[in-house]
$ cat model_4.txt   # compact mmCIF, C-alpha atoms
# COMPACT_ATOMS: atom_id res chain seq x y z
CA MET O 1 5.25 12.83 -20.25
CA GLN O 2 8.67 14.36 -19.85
CA PHE O 3 10.08 13.57 -16.41
CA LYS O 4 10.71 17.27 -15.80
CA ASP O 5 6.94 17.87 -15.85
CA MET O 6 6.30 15.66 -12.83
CA ASP O 7 6.59 18.30 -10.12
CA LEU O 8 3.89 20.54 -11.56
CA TRP O 9 1.61 17.60 -12.25
CA VAL O 10 1.96 16.23 -8.72
CA LYS O 11 1.33 19.62 -7.16
CA SER O 12 -1.86 20.02 -9.16
CA PHE O 13 -3.44 17.16 -7.20
CA TYR O 14 -2.59 18.67 -3.84
CA LYS O 15 -3.53 22.31 -4.42
CA ASP O 16 -6.90 21.78 -2.69
CA LEU O 17 -9.32 19.01 -1.68
CA SER O 18 -11.13 18.83 -5.02
CA PHE O 19 -9.60 15.44 -5.83
CA ALA O 20 -10.53 13.97 -2.45
CA ARG O 21 -13.72 12.17 -1.52
CA LEU O 22 -15.27 14.03 1.40
CA ASP O 23 -18.32 11.89 2.14
CA LYS O 24 -16.62 8.60 3.12
CA TRP O 25 -13.57 7.80 5.22
CA ASN O 26 -11.70 5.67 2.69
CA TYR O 27 -8.44 3.95 1.88
CA GLU O 28 -7.92 5.54 -1.55
CA ASP O 29 -7.69 9.00 -0.02
CA GLY O 30 -5.60 7.40 2.71
CA CYS O 31 -3.06 6.40 0.07
CA MET O 32 -3.05 9.92 -1.38
CA LEU O 33 -2.43 11.26 2.13
CA LEU O 34 0.53 8.94 2.61
CA ALA O 35 1.94 10.10 -0.71
CA ALA O 36 1.52 13.73 0.39
CA ILE O 37 3.46 13.00 3.58
CA ALA O 38 6.24 11.33 1.60
CA LEU O 39 6.39 14.28 -0.80
CA TYR O 40 6.57 16.68 2.13
CA LYS O 41 9.50 14.74 3.56
CA ALA O 42 11.18 14.72 0.15
CA THR O 43 10.68 18.42 -0.66
CA ASN O 44 9.76 20.23 2.59
CA GLU O 45 7.08 22.04 0.58
CA HIS O 46 4.21 23.04 2.85
CA LEU O 47 1.62 22.44 0.14
CA TYR O 48 1.73 18.73 0.95
CA LYS O 49 1.56 19.14 4.71
CA GLU O 50 -1.36 21.55 4.43
CA PHE O 51 -3.26 19.10 2.24
CA VAL O 52 -3.07 16.44 4.94
CA ILE O 53 -4.12 18.83 7.70
CA GLN O 54 -7.00 20.32 5.69
CA TYR O 55 -8.25 16.85 4.88
CA MET O 56 -8.19 15.83 8.52
CA GLU O 57 -9.86 19.08 9.59
CA HIS O 58 -12.75 18.10 7.35
CA TYR O 59 -13.15 14.61 8.83
CA VAL O 60 -12.15 14.83 12.50
CA THR O 61 -14.45 16.57 14.96
CA LYS O 62 -13.27 18.55 17.98
CA GLU O 63 -14.04 15.50 20.12
CA GLY O 64 -11.87 13.24 17.96
CA ASP O 65 -14.68 11.41 16.19
CA ILE O 66 -14.24 10.56 12.50
CA LEU O 67 -17.07 11.54 10.19
CA HIS O 68 -18.38 8.89 7.78
CA TYR O 69 -16.51 6.09 9.57
CA GLU O 70 -18.15 2.92 10.93
CA PHE O 71 -16.24 1.25 13.77
CA ASP O 72 -18.36 -1.90 13.81
CA HIS O 73 -17.70 -2.69 10.14
CA TYR O 74 -14.25 -3.89 11.23
CA ASN O 75 -12.88 -3.01 7.82
CA LEU O 76 -9.08 -2.89 7.58
CA ASP O 77 -9.36 -0.50 4.64
CA ASN O 78 -10.54 2.12 7.16
CA ILE O 79 -7.17 1.98 8.92
CA ALA O 80 -5.30 3.21 5.84
CA PRO O 81 -5.62 6.97 6.64
CA ALA O 82 -4.55 6.42 10.25
CA ARG O 83 -0.87 7.20 9.75
CA ALA O 84 -1.92 10.56 8.36
CA LEU O 85 -3.79 11.18 11.64
CA LEU O 86 -0.54 10.62 13.52
CA PHE O 87 1.22 13.00 11.14
CA ALA O 88 -1.46 15.67 11.66
CA TYR O 89 -1.20 15.27 15.43
CA GLU O 90 2.59 15.56 15.40
CA GLN O 91 2.51 18.59 13.11
CA THR O 92 -0.24 20.50 14.92
CA GLY O 93 -0.35 19.15 18.46
CA GLU O 94 -4.16 19.02 18.25
CA GLU O 95 -5.43 16.30 20.56
CA ARG O 96 -8.42 15.51 18.35
CA TYR O 97 -6.11 13.82 15.86
CA LYS O 98 -4.57 11.64 18.56
CA ALA O 99 -8.08 10.78 19.77
CA ALA O 100 -9.07 9.76 16.24
CA ALA O 101 -5.94 7.60 15.95
CA ASP O 102 -6.82 6.04 19.31
CA LEU O 103 -10.22 5.14 17.89
CA LEU O 104 -8.70 3.32 14.93
CA TYR O 105 -6.22 1.59 17.22
CA ARG O 106 -9.15 0.33 19.29
CA GLN O 107 -10.68 -1.08 16.10
CA LEU O 108 -7.50 -3.08 15.50
CA LYS O 109 -7.40 -4.35 19.08
CA SER O 110 -10.95 -5.69 18.74
CA GLN O 111 -10.70 -6.73 15.06
CA PRO O 112 -11.94 -10.31 14.45
CA ARG O 113 -9.09 -12.74 13.82
CA THR O 114 -8.32 -16.14 12.38
CA SER O 115 -7.48 -18.93 14.80
CA GLU O 116 -3.77 -18.17 14.24
CA GLY O 117 -4.23 -14.50 15.04
CA ASN O 118 -4.40 -12.71 11.70
CA PHE O 119 -6.90 -9.89 11.31
CA TRP O 120 -9.91 -10.67 9.15
CA HIS O 121 -9.85 -8.38 6.16
CA LYS O 122 -13.37 -7.18 6.94
CA LEU O 123 -16.24 -8.35 9.12
CA ILE O 124 -18.09 -9.31 5.93
CA TYR O 125 -15.11 -11.48 4.90
CA PRO O 126 -14.86 -13.89 7.86
CA ASN O 127 -11.69 -15.98 8.24
CA GLN O 128 -10.09 -14.23 5.26
CA VAL O 129 -6.65 -12.62 5.05
CA TRP O 130 -5.86 -10.45 2.03
CA LEU O 131 -2.45 -8.97 1.23
CA ASP O 132 -4.14 -5.58 0.90
CA GLY O 133 -5.03 -5.63 4.58
CA LEU O 134 -1.41 -5.90 5.67
CA PHE O 135 -0.68 -2.54 4.07
CA MET O 136 -3.84 -0.94 5.44
CA ALA O 137 -3.26 -1.99 9.04
CA GLN O 138 0.21 -3.18 9.99
CA PRO O 139 2.34 -0.02 9.43
CA PHE O 140 -0.11 2.02 11.53
CA TYR O 141 -0.26 -0.74 14.14
CA MET O 142 3.54 -0.66 14.34
CA ALA O 143 3.67 3.16 14.42
CA TYR O 144 1.15 3.35 17.24
CA GLU O 145 2.84 0.60 19.23
CA THR O 146 6.25 2.24 18.83
CA ARG O 147 5.13 5.73 19.84
CA TYR O 148 2.27 5.24 22.27
CA ALA O 149 1.88 1.62 23.42
CA LYS O 150 5.31 0.57 24.73
CA LYS O 151 5.90 -1.84 21.82
CA GLU O 152 3.75 -4.44 23.53
CA ALA O 153 2.22 -5.83 20.30
CA TYR O 154 5.42 -6.27 18.28
CA ASN O 155 5.05 -10.05 18.55
CA ASP O 156 1.48 -9.82 17.28
CA ILE O 157 2.51 -7.79 14.25
CA LEU O 158 5.41 -10.04 13.34
CA SER O 159 3.37 -13.21 13.79
CA GLN O 160 0.75 -11.93 11.35
CA PHE O 161 3.39 -11.46 8.68
CA ALA O 162 4.82 -14.90 9.51
CA CYS O 163 1.42 -16.55 9.08
CA VAL O 164 0.97 -14.89 5.70
CA ARG O 165 4.36 -16.24 4.65
CA LYS O 166 3.38 -19.71 5.92
CA HIS O 167 0.08 -19.91 4.07
CA MET O 168 0.19 -17.53 1.09
CA PHE O 169 3.68 -17.85 -0.40
CA ASN O 170 4.15 -20.19 -3.36
CA GLU O 171 7.59 -21.75 -2.98
CA LYS O 172 7.85 -22.67 -6.66
CA LYS O 173 6.68 -19.38 -8.16
CA LYS O 174 8.22 -17.25 -5.36
CA LEU O 175 5.05 -15.14 -5.33
CA TYR O 176 2.24 -14.44 -2.86
CA TYR O 177 -1.39 -15.26 -3.52
CA HIS O 178 -3.92 -12.44 -3.19
CA GLY O 179 -6.05 -14.00 -0.43
CA TYR O 180 -6.35 -16.84 2.06
CA ASP O 181 -9.49 -18.34 3.59
CA GLU O 182 -8.69 -20.21 6.79
CA SER O 183 -12.05 -21.98 6.67
CA ARG O 184 -11.48 -23.11 3.06
CA GLN O 185 -15.20 -22.59 2.48
CA MET O 186 -15.14 -19.70 0.00
CA PHE O 187 -15.71 -20.63 -3.62
CA TRP O 188 -12.48 -18.90 -4.68
CA ALA O 189 -10.30 -20.76 -2.15
CA ASP O 190 -8.31 -23.90 -2.89
CA LYS O 191 -9.70 -26.68 -0.70
CA GLU O 192 -6.25 -27.78 0.44
CA SER O 193 -4.28 -24.54 0.78
CA GLY O 194 -7.12 -22.08 1.33
CA CYS O 195 -5.45 -19.66 -1.08
CA SER O 196 -6.90 -17.86 -4.06
CA LYS O 197 -5.91 -19.07 -7.50
CA ASN O 198 -3.55 -16.49 -8.95
CA PHE O 199 -0.95 -13.78 -8.37
CA TRP O 200 -2.42 -10.30 -8.69
CA LEU O 201 0.22 -7.62 -9.12
CA ARG O 202 -1.28 -4.91 -6.92
CA ALA O 203 -1.78 -7.35 -4.04
CA ILE O 204 1.95 -8.10 -4.14
CA GLY O 205 2.63 -4.36 -4.34
CA TRP O 206 0.54 -3.79 -1.22
CA TYR O 207 2.52 -6.52 0.54
CA GLU O 208 5.94 -5.18 -0.43
CA MET O 209 5.00 -1.70 0.78
CA ALA O 210 3.49 -3.13 3.97
CA LEU O 211 6.77 -4.78 4.85
CA VAL O 212 9.01 -1.79 4.24
CA ASP O 213 6.58 0.70 5.83
CA THR O 214 6.26 -1.50 8.93
CA MET O 215 10.04 -1.69 9.20
CA ASP O 216 10.20 2.09 8.91
CA GLU O 217 7.86 2.47 11.90
CA MET O 218 9.75 -0.01 14.09
CA SER O 219 12.09 0.95 16.91
CA ASN O 220 15.75 0.66 15.85
CA ALA O 221 16.45 -1.16 19.11
CA MET O 222 14.31 -4.14 18.06
CA TYR O 223 16.88 -5.65 15.73
CA GLU O 224 15.61 -9.25 15.69
CA TYR O 225 12.08 -8.13 14.82
CA TYR O 226 13.44 -5.86 12.10
CA ARG O 227 15.60 -8.64 10.72
CA SER O 228 12.63 -11.00 10.37
CA LEU O 229 10.74 -8.51 8.19
CA GLU O 230 13.89 -7.74 6.24
CA VAL O 231 14.22 -11.43 5.33
CA LEU O 232 10.60 -11.51 4.13
CA PHE O 233 11.05 -8.36 2.08
CA LYS O 234 14.19 -9.56 0.34
CA GLU O 235 12.59 -12.89 -0.49
CA SER O 236 9.47 -11.30 -1.90
CA MET O 237 11.41 -8.69 -3.85
CA ARG O 238 13.67 -11.29 -5.46
CA GLY O 239 10.58 -13.27 -6.41
CA ILE O 240 8.67 -10.46 -8.08
CA LEU O 241 11.74 -9.20 -9.95
CA CYS O 242 11.91 -12.54 -11.77
CA TYR O 243 8.74 -11.45 -13.60
CA GLN O 244 9.78 -7.92 -14.55
CA ASP O 245 9.27 -7.13 -18.23
CA PRO O 246 12.77 -6.55 -19.65
CA LYS O 247 11.70 -3.86 -22.13
CA SER O 248 9.40 -1.66 -20.07
CA PHE O 249 10.72 -2.61 -16.59
CA LEU O 250 7.07 -2.94 -15.48
CA PHE O 251 4.98 -5.92 -14.34
CA TYR O 252 1.86 -7.63 -15.63
CA GLN O 253 -1.58 -7.45 -14.02
CA VAL O 254 -1.49 -11.24 -13.54
CA VAL O 255 2.17 -11.46 -12.72
CA ASP O 256 3.16 -14.85 -14.12
CA ALA O 257 0.79 -14.96 -17.12
CA LYS O 258 2.29 -12.52 -19.60
CA GLU O 259 1.28 -14.81 -22.48
CA GLU O 260 -2.42 -14.34 -21.72
CA LYS O 261 -4.12 -12.42 -24.51
CA ASP O 262 -5.56 -9.54 -22.47
CA ASN O 263 -2.84 -9.28 -19.84
CA TYR O 264 -1.23 -5.86 -19.60
CA LEU O 265 1.54 -3.94 -17.86
CA GLU O 266 -0.29 -2.47 -14.88
CA THR O 267 0.78 0.85 -13.39
CA SER O 268 -0.32 0.84 -9.75
CA GLY O 269 1.35 -2.43 -8.81
CA SER O 270 4.48 -1.56 -10.79
CA ALA O 271 4.70 1.80 -8.99
CA MET O 272 4.18 0.14 -5.60
CA ILE O 273 7.08 -2.19 -6.25
CA ALA O 274 9.24 0.77 -7.27
CA ALA O 275 8.25 2.69 -4.14
CA ALA O 276 9.03 -0.31 -1.93
CA ILE O 277 12.41 -0.93 -3.57
CA LEU O 278 13.50 2.70 -3.37
CA LYS O 279 12.37 3.03 0.24
CA ALA O 280 14.16 -0.21 1.10
CA CYS O 281 17.30 1.29 -0.43
CA ARG O 282 16.88 4.45 1.68
CA LEU O 283 16.41 2.38 4.84
CA LYS O 284 19.44 0.26 3.88
CA VAL O 285 17.37 -2.91 3.82
CA VAL O 286 18.91 -3.69 0.42
CA LEU O 287 22.01 -2.42 -1.35
CA SER O 288 21.21 0.91 -2.98
CA GLU O 289 23.94 0.49 -5.57
CA LYS O 290 22.28 -2.68 -6.83
CA TYR O 291 18.58 -2.02 -6.44
CA ALA O 292 18.03 1.75 -6.66
CA PRO O 293 18.53 1.73 -10.47
CA ILE O 294 15.80 -0.92 -10.74
CA GLY O 295 13.31 1.22 -8.82
CA GLN O 296 14.31 4.36 -10.67
CA LYS O 297 13.85 2.73 -14.08
CA ILE O 298 10.33 1.62 -13.12
CA VAL O 299 9.38 5.17 -12.12
CA GLU O 300 10.91 6.66 -15.25
CA SER O 301 9.16 4.12 -17.46
CA ILE O 302 5.74 4.81 -15.93
CA VAL O 303 6.16 8.57 -16.28
CA GLU O 304 7.44 8.38 -19.85
CA ASN O 305 5.18 5.61 -21.19
CA LYS O 306 2.04 5.49 -19.05
CA VAL O 307 1.31 9.19 -18.45
CA CYS O 308 -0.38 10.72 -21.46
CA LYS O 309 -1.82 14.10 -22.35
CA GLY O 310 -5.61 14.19 -22.00
CA GLN O 311 -8.25 16.85 -22.61
CA ASP O 312 -7.99 18.13 -19.04
CA GLY O 313 -4.30 17.54 -18.44
CA TRP O 314 -2.03 14.60 -17.79
CA VAL O 315 -3.55 11.15 -17.32
CA LEU O 316 -2.06 8.04 -15.73
CA LYS O 317 -3.18 5.05 -17.80
CA ASP O 318 -3.51 1.30 -17.28
CA THR O 319 -4.43 1.14 -13.60
CA CYS O 320 -6.76 -1.66 -12.56
CA LYS O 321 -9.80 0.05 -11.04
CA VAL O 322 -10.46 -2.58 -8.39
CA ALA O 323 -10.05 -6.30 -7.77
CA GLY O 324 -11.19 -8.46 -4.89
CA LEU O 325 -12.34 -11.91 -3.90
CA GLY O 326 -16.03 -12.73 -3.48
CA PRO O 327 -18.20 -12.56 -1.55
CA ASN O 328 -20.80 -13.63 -4.12
CA GLU O 329 -20.56 -16.91 -6.04
CA ASN O 330 -19.35 -16.59 -9.66
CA ARG O 331 -18.12 -13.04 -9.07
CA ARG O 332 -14.54 -12.08 -8.23
CA ASP O 333 -13.43 -15.69 -8.28
CA GLY O 334 -9.67 -15.05 -8.46
CA SER O 335 -9.31 -16.53 -11.96
CA ILE O 336 -7.02 -15.05 -14.58
CA PHE O 337 -10.12 -14.16 -16.59
CA TYR O 338 -11.53 -12.28 -13.60
CA TYR O 339 -8.43 -10.14 -13.00
CA LEU O 340 -8.22 -9.29 -16.69
CA SER O 341 -11.93 -8.47 -16.89
CA GLU O 342 -11.85 -5.72 -14.29
CA PRO O 343 -11.84 -2.27 -15.96
CA LYS O 344 -8.91 0.10 -16.07
CA GLN O 345 -9.33 3.56 -14.58
CA ASP O 346 -7.53 6.70 -15.76
CA ASN O 347 -6.00 8.74 -12.91
CA ASP O 348 -7.12 6.15 -10.39
CA LYS O 349 -6.10 7.30 -6.90
CA LYS O 350 -4.43 4.00 -6.07
CA GLY O 351 -2.25 4.32 -9.14
CA LEU O 352 -1.53 8.00 -8.60
CA ALA O 353 -0.72 7.54 -4.93
CA ALA O 354 1.65 4.67 -5.71
CA LEU O 355 3.38 6.68 -8.42
CA PHE O 356 3.64 9.75 -6.16
CA LEU O 357 5.07 7.62 -3.35
CA ALA O 358 7.64 6.19 -5.75
CA TYR O 359 8.41 9.66 -7.07
CA ALA O 360 8.96 10.97 -3.54
CA GLU O 361 11.43 8.16 -2.89
CA TYR O 362 13.04 8.86 -6.26
CA LYS O 363 13.52 12.51 -5.25
CA MET O 364 14.97 11.56 -1.87
CA ALA O 365 17.42 9.22 -3.55
CA SER O 366 18.35 11.88 -6.11
CA GLY O 367 18.90 14.40 -3.33
CA LYS O 368 21.32 12.08 -1.58
CA GLU O 369 23.24 11.53 -4.80
CA GLU O 370 23.54 15.30 -5.29
CA GLU O 371 24.86 15.64 -1.74
CA LYS O 372 27.50 13.00 -2.44
CA GLU O 373 28.57 14.81 -5.58
CA GLY O 374 28.65 18.17 -3.78
CA LYS O 375 26.01 19.76 -5.97
$ encode --input "model_4.txt" --output "C-alpha cells"
Amino acid sequence: MQFKDMDLWVKSFYKDLSFARLDKWNYEDGCMLLAAIALYKATNEHLYKEFVIQYMEHYVTKEGDILHYEFDHYNLDNIAPARALLFAYEQTGEERYKAAADLLYRQLKSQPRTSEGNFWHKLIYPNQVWLDGLFMAQPFYMAYETRYAKKEAYNDILSQFACVRKHMFNEKKKLYYHGYDESRQMFWADKESGCSKNFWLRAIGWYEMALVDTMDEMSNAMYEYYRSLEVLFKESMRGILCYQDPKSFLFYQVVDAKEEKDNYLETSGSAMIAAAILKACRLKVVLSEKYAPIGQKIVESIVENKVCKGQDGWVLKDTCKVAGLGPNENRRDGSIFYYLSEPKQDNDKKGLAALFLAYAEYKMASGKEEEKEGK
C-alpha cells in the first residue's frame, strides 16, 4: 500500500458499525474504539467520535447497564472498552456512560488478586498475571482514579507494575515473559520462576502500551509515580529494540527466536511497539529526535510491506489471530512451537487497532513537525 492511501482505508473501518461485534462486550472492539479516539484527537474528524458514541449507544442501556457483559466472570479483557465509556461520557454528558464506567471500576475493585496484589487475568485463570491484562485494566484504572476517585489507588496501580517487573522480566534477555503463575501449578509455568517459557511479541506490545497509556492518564502533579513508570518503559523499550529486524524494522512473533523455521515478522506486536514509542515521544518520556524515527519507520514498513490489495479492498497481513496460556494440558503451553502454530488472521482487529493507533500518533507527530516548519 502507498502511505498516502492510509486515510481512506482507515476511514472505511469507521464509517459504520459493520466491522464491530455487537453481541458480546469484548476487548477487540475495545481496541478499535481506543484507536478511533486517538484518530479523533489526531484529526478532529467527527467520524471517529461518532463511531465511539454509536457503539456505546448500542451497548449501554439508559440505566447504565452494559449488554452482553458478565460482571462475575472477573475478566480483565472486559475492561478494555472502559476508556471509551469515559470518552463517551465526556463528549455527551450522558450519565449512563459514567454509570457503565462505574460498573467496570467496581469489577476492578473486587477483582481476585495474587497474594502480592496483582489482578488475576480472569476468574478462570486463578493466580495468573498476563501482560495483556495490564493493558486491558491499568490505563482505565488510572484514568478513573485521576478523574473520579481522588487518586487513592495510585499506589495499587504502581505496585502491580512493580510486581510484574519483579517476576516477569528476564534480566539477561531484557524481555518480559507472557505470563506468570504465582502458584507455579500450571503446566506452562516454570516451577522456580512461575513464568511462561518464551517471549511473545504481542504480549510485550500490550505491556509497552500499558505503561505509556497509564502515564498519559496520570496526574502531572504525581511526579514520583510518573517517574517509576517512565523507568520501566525505557528499560522495556531498550530491551525490545535489541531484537528489531534491521531490514524491515519489524519484530518476530517469538521475539528472540528469529532463526526458527516458521517464525515471522508479526504486525500487531510491531505496530503496538511503534504506537508506544511514538506516544512516548509525544509525552516527552523519551527523546523525540532519537526515537520518533524508529516508530515512524515501523509504521511505514507495515503499511508498505504488510498491507496488500485483496478482493474486497486492502488487507493487513501476518497478524497472529490469538495466543494464550492454558488452561487445558497440552494446549497453549507457551512453547515456541505453540506460538508459531497459532493461525494468522487477515484484517484482525487487534492488528488493525494497533496499526491505527500507531498511525494516529504518526499523524500527531507529523502535525507538530509541520507547525515547527511553519507549514
$ closest_residue --input "model_4.txt" --among "O:Gln253, O:Thr267, O:Ser341, O:Thr146" --to "Lys317 (chain O)" --atoms "all atoms listed in the file"
O:Thr267
$ closest_residue --input "model_4.txt" --among "O:Ala82, O:Ala42, O:Leu265, O:Ile336" --to "Ser366 (chain O)" --atoms "all atoms listed in the file"
O:Ala42
$ closest_residue --input "model_4.txt" --among "O:His73, O:Arg21, O:Arg147, O:Lys15" --to "Trp120 (chain O)" --atoms "all atoms listed in the file"
O:His73
$ residues_around --input "model_4.txt" --residues "region 196-205 of chain O" --least-positions-apart "5" --cutoff "6 Å" --atoms "only C-alpha atoms" --output "list of chain:residue names"
O:Leu131, O:Asp132, O:Tyr177, O:His178, O:Gly179, O:Trp188, O:Ala189, O:Gln253, O:Val254, O:Val255, O:Gly269, O:Met272, O:Ile273, O:Gly334
$ atom_distance --input "model_4.txt" --atom1 "CA of Ala36 (chain O)" --atom2 "CA of Leu355 (chain O)"
11.4 Å
$ atom_distance --input "model_4.txt" --atom1 "CA of Lys191 (chain O)" --atom2 "CA of Asp77 (chain O)"
26.7 Å
$ residues_around --input "model_4.txt" --residues "Tyr27 (chain O)" --least-positions-apart "5" --cutoff "12 Å" --atoms "all atoms listed in the file" --output "list in words"
Ala20, Arg21, Met32, Leu33, Leu34, Tyr69, Asn75, Leu76, Asp77, Asn78, Ile79, Ala80, Pro81, Ala82, Arg83, Ala84, Asp132, Gly133, Phe135, Met136, Ala137, Lys349, Lys350 and Ala353 of chain O
$ atom_distance --input "model_4.txt" --atom1 "CA of Cys308 (chain O)" --atom2 "CA of Gln345 (chain O)"
13.4 Å
$ residues_around --input "model_4.txt" --residues "Arg332 (chain O)" --least-positions-apart "3" --cutoff "10 Å" --atoms "all atoms listed in the file" --output "PyMOL selection string"
chain O and resi 187-188+323-329+335+337-339+341-342
$ residues_around --input "model_4.txt" --residues "region 149-163 of chain O" --least-positions-apart "4" --cutoff "8 Å" --atoms "all atoms listed in the file" --output "PDB file with C-alpha atoms, keeping the file's coordinate frame"
ATOM      1  CA  GLU O 116      -3.770 -18.170  14.240  1.00  0.00           C
ATOM      2  CA  GLY O 117      -4.230 -14.500  15.040  1.00  0.00           C
ATOM      3  CA  ASN O 118      -4.400 -12.710  11.700  1.00  0.00           C
ATOM      4  CA  PHE O 119      -6.900  -9.890  11.310  1.00  0.00           C
ATOM      5  CA  LEU O 134      -1.410  -5.900   5.670  1.00  0.00           C
ATOM      6  CA  GLN O 138       0.210  -3.180   9.990  1.00  0.00           C
ATOM      7  CA  TYR O 141      -0.260  -0.740  14.140  1.00  0.00           C
ATOM      8  CA  MET O 142       3.540  -0.660  14.340  1.00  0.00           C
ATOM      9  CA  TYR O 144       1.150   3.350  17.240  1.00  0.00           C
ATOM     10  CA  GLU O 145       2.840   0.600  19.230  1.00  0.00           C
ATOM     11  CA  HIS O 167       0.080 -19.910   4.070  1.00  0.00           C
ATOM     12  CA  TYR O 225      12.080  -8.130  14.820  1.00  0.00           C
ATOM     13  CA  SER O 228      12.630 -11.000  10.370  1.00  0.00           C
ATOM     14  CA  LEU O 229      10.740  -8.510   8.190  1.00  0.00           C
TER      15      LEU O 229
END
$ closest_residue --input "model_4.txt" --among "O:Ala360, O:Leu250, O:Ile124, O:Ala257" --to "Asp318 (chain O)" --atoms "all atoms listed in the file"
O:Leu250
$ closest_residue --input "model_4.txt" --among "O:Asn127, O:Asn347, O:Ser270, O:Asn305" --to "Met1 (chain O)" --atoms "all atoms listed in the file"
O:Asn305
$ closest_residue --input "model_4.txt" --among "O:Tyr74, O:Ala365, O:Asp29, O:Arg331" --to "Lys41 (chain O)" --atoms "only C-alpha atoms"
O:Ala365
$ axis_aligned_box --input "model_4.txt" --around "region 136-150 of chain O" --padding-each-side "8 Å" --output "lines of an AutoDock Vina configuration file"
center_x = 1.2
center_y = 1.3
center_z = 15.1
size_x = 26.1
size_y = 24.9
size_z = 35.3
$ decode --input "model_4.txt" --residues "region 130-136 of chain O" --atoms "all heavy atoms" --output "mmCIF file, in the first residue's frame"
data_model
loop_
_atom_site.group_PDB
_atom_site.id
_atom_site.type_symbol
_atom_site.label_atom_id
_atom_site.label_comp_id
_atom_site.auth_asym_id
_atom_site.auth_seq_id
_atom_site.Cartn_x
_atom_site.Cartn_y
_atom_site.Cartn_z
ATOM 1 N N TRP O 130 -1.065 -11.950 33.323
ATOM 2 C CA TRP O 130 -0.626 -11.903 31.927
ATOM 3 C C TRP O 130 -0.329 -10.454 31.561
ATOM 4 O O TRP O 130 -1.033 -9.529 32.011
ATOM 5 C CB TRP O 130 -1.700 -12.439 30.989
ATOM 6 C CG TRP O 130 -2.064 -13.886 31.141
ATOM 7 C CD1 TRP O 130 -1.730 -14.738 32.163
ATOM 8 C CD2 TRP O 130 -2.859 -14.654 30.232
ATOM 9 N NE1 TRP O 130 -2.266 -15.986 31.947
ATOM 10 C CE2 TRP O 130 -2.968 -15.960 30.769
ATOM 11 C CE3 TRP O 130 -3.496 -14.375 29.031
ATOM 12 C CZ2 TRP O 130 -3.686 -16.976 30.132
ATOM 13 C CZ3 TRP O 130 -4.203 -15.374 28.392
ATOM 14 C CH2 TRP O 130 -4.296 -16.670 28.942
ATOM 15 N N LEU O 131 0.650 -10.233 30.711
ATOM 16 C CA LEU O 131 0.954 -8.870 30.274
ATOM 17 C C LEU O 131 -0.255 -8.216 29.603
ATOM 18 O O LEU O 131 -0.466 -7.001 29.742
ATOM 19 C CB LEU O 131 2.138 -8.874 29.304
ATOM 20 C CG LEU O 131 3.510 -9.278 29.868
ATOM 21 C CD1 LEU O 131 4.570 -9.160 28.780
ATOM 22 C CD2 LEU O 131 3.896 -8.443 31.084
ATOM 23 N N ASP O 132 -1.052 -9.007 28.895
ATOM 24 C CA ASP O 132 -2.241 -8.482 28.236
ATOM 25 C C ASP O 132 -3.126 -7.714 29.218
ATOM 26 O O ASP O 132 -3.684 -6.659 28.908
ATOM 27 C CB ASP O 132 -3.101 -9.605 27.633
ATOM 28 C CG ASP O 132 -2.330 -10.755 27.021
ATOM 29 O OD1 ASP O 132 -1.139 -10.922 27.343
ATOM 30 O OD2 ASP O 132 -2.925 -11.503 26.238
ATOM 31 N N GLY O 133 -3.284 -8.298 30.412
ATOM 32 C CA GLY O 133 -4.195 -7.730 31.394
ATOM 33 C C GLY O 133 -3.792 -6.353 31.871
ATOM 34 O O GLY O 133 -4.645 -5.544 32.262
ATOM 35 N N LEU O 134 -2.498 -6.050 31.861
ATOM 36 C CA LEU O 134 -2.054 -4.717 32.250
ATOM 37 C C LEU O 134 -2.606 -3.664 31.301
ATOM 38 O O LEU O 134 -3.039 -2.591 31.731
ATOM 39 C CB LEU O 134 -0.529 -4.657 32.270
ATOM 40 C CG LEU O 134 0.148 -5.492 33.364
ATOM 41 C CD1 LEU O 134 1.637 -5.578 33.102
ATOM 42 C CD2 LEU O 134 -0.120 -4.922 34.742
ATOM 43 N N PHE O 135 -2.596 -3.972 30.009
ATOM 44 C CA PHE O 135 -3.158 -3.026 29.045
ATOM 45 C C PHE O 135 -4.664 -2.909 29.194
ATOM 46 O O PHE O 135 -5.232 -1.815 29.105
ATOM 47 C CB PHE O 135 -2.813 -3.457 27.613
ATOM 48 C CG PHE O 135 -3.487 -2.597 26.571
ATOM 49 C CD1 PHE O 135 -2.963 -1.371 26.226
ATOM 50 C CD2 PHE O 135 -4.658 -3.016 25.955
ATOM 51 C CE1 PHE O 135 -3.600 -0.561 25.286
ATOM 52 C CE2 PHE O 135 -5.292 -2.229 25.017
ATOM 53 C CZ PHE O 135 -4.761 -0.998 24.676
ATOM 54 N N MET O 136 -5.336 -4.032 29.402
ATOM 55 C CA MET O 136 -6.791 -4.020 29.491
ATOM 56 C C MET O 136 -7.273 -3.178 30.676
ATOM 57 O O MET O 136 -8.268 -2.455 30.563
ATOM 58 C CB MET O 136 -7.336 -5.446 29.638
ATOM 59 C CG MET O 136 -6.902 -6.430 28.565
ATOM 60 S SD MET O 136 -7.343 -5.914 26.891
ATOM 61 C CE MET O 136 -6.359 -7.093 25.934
#
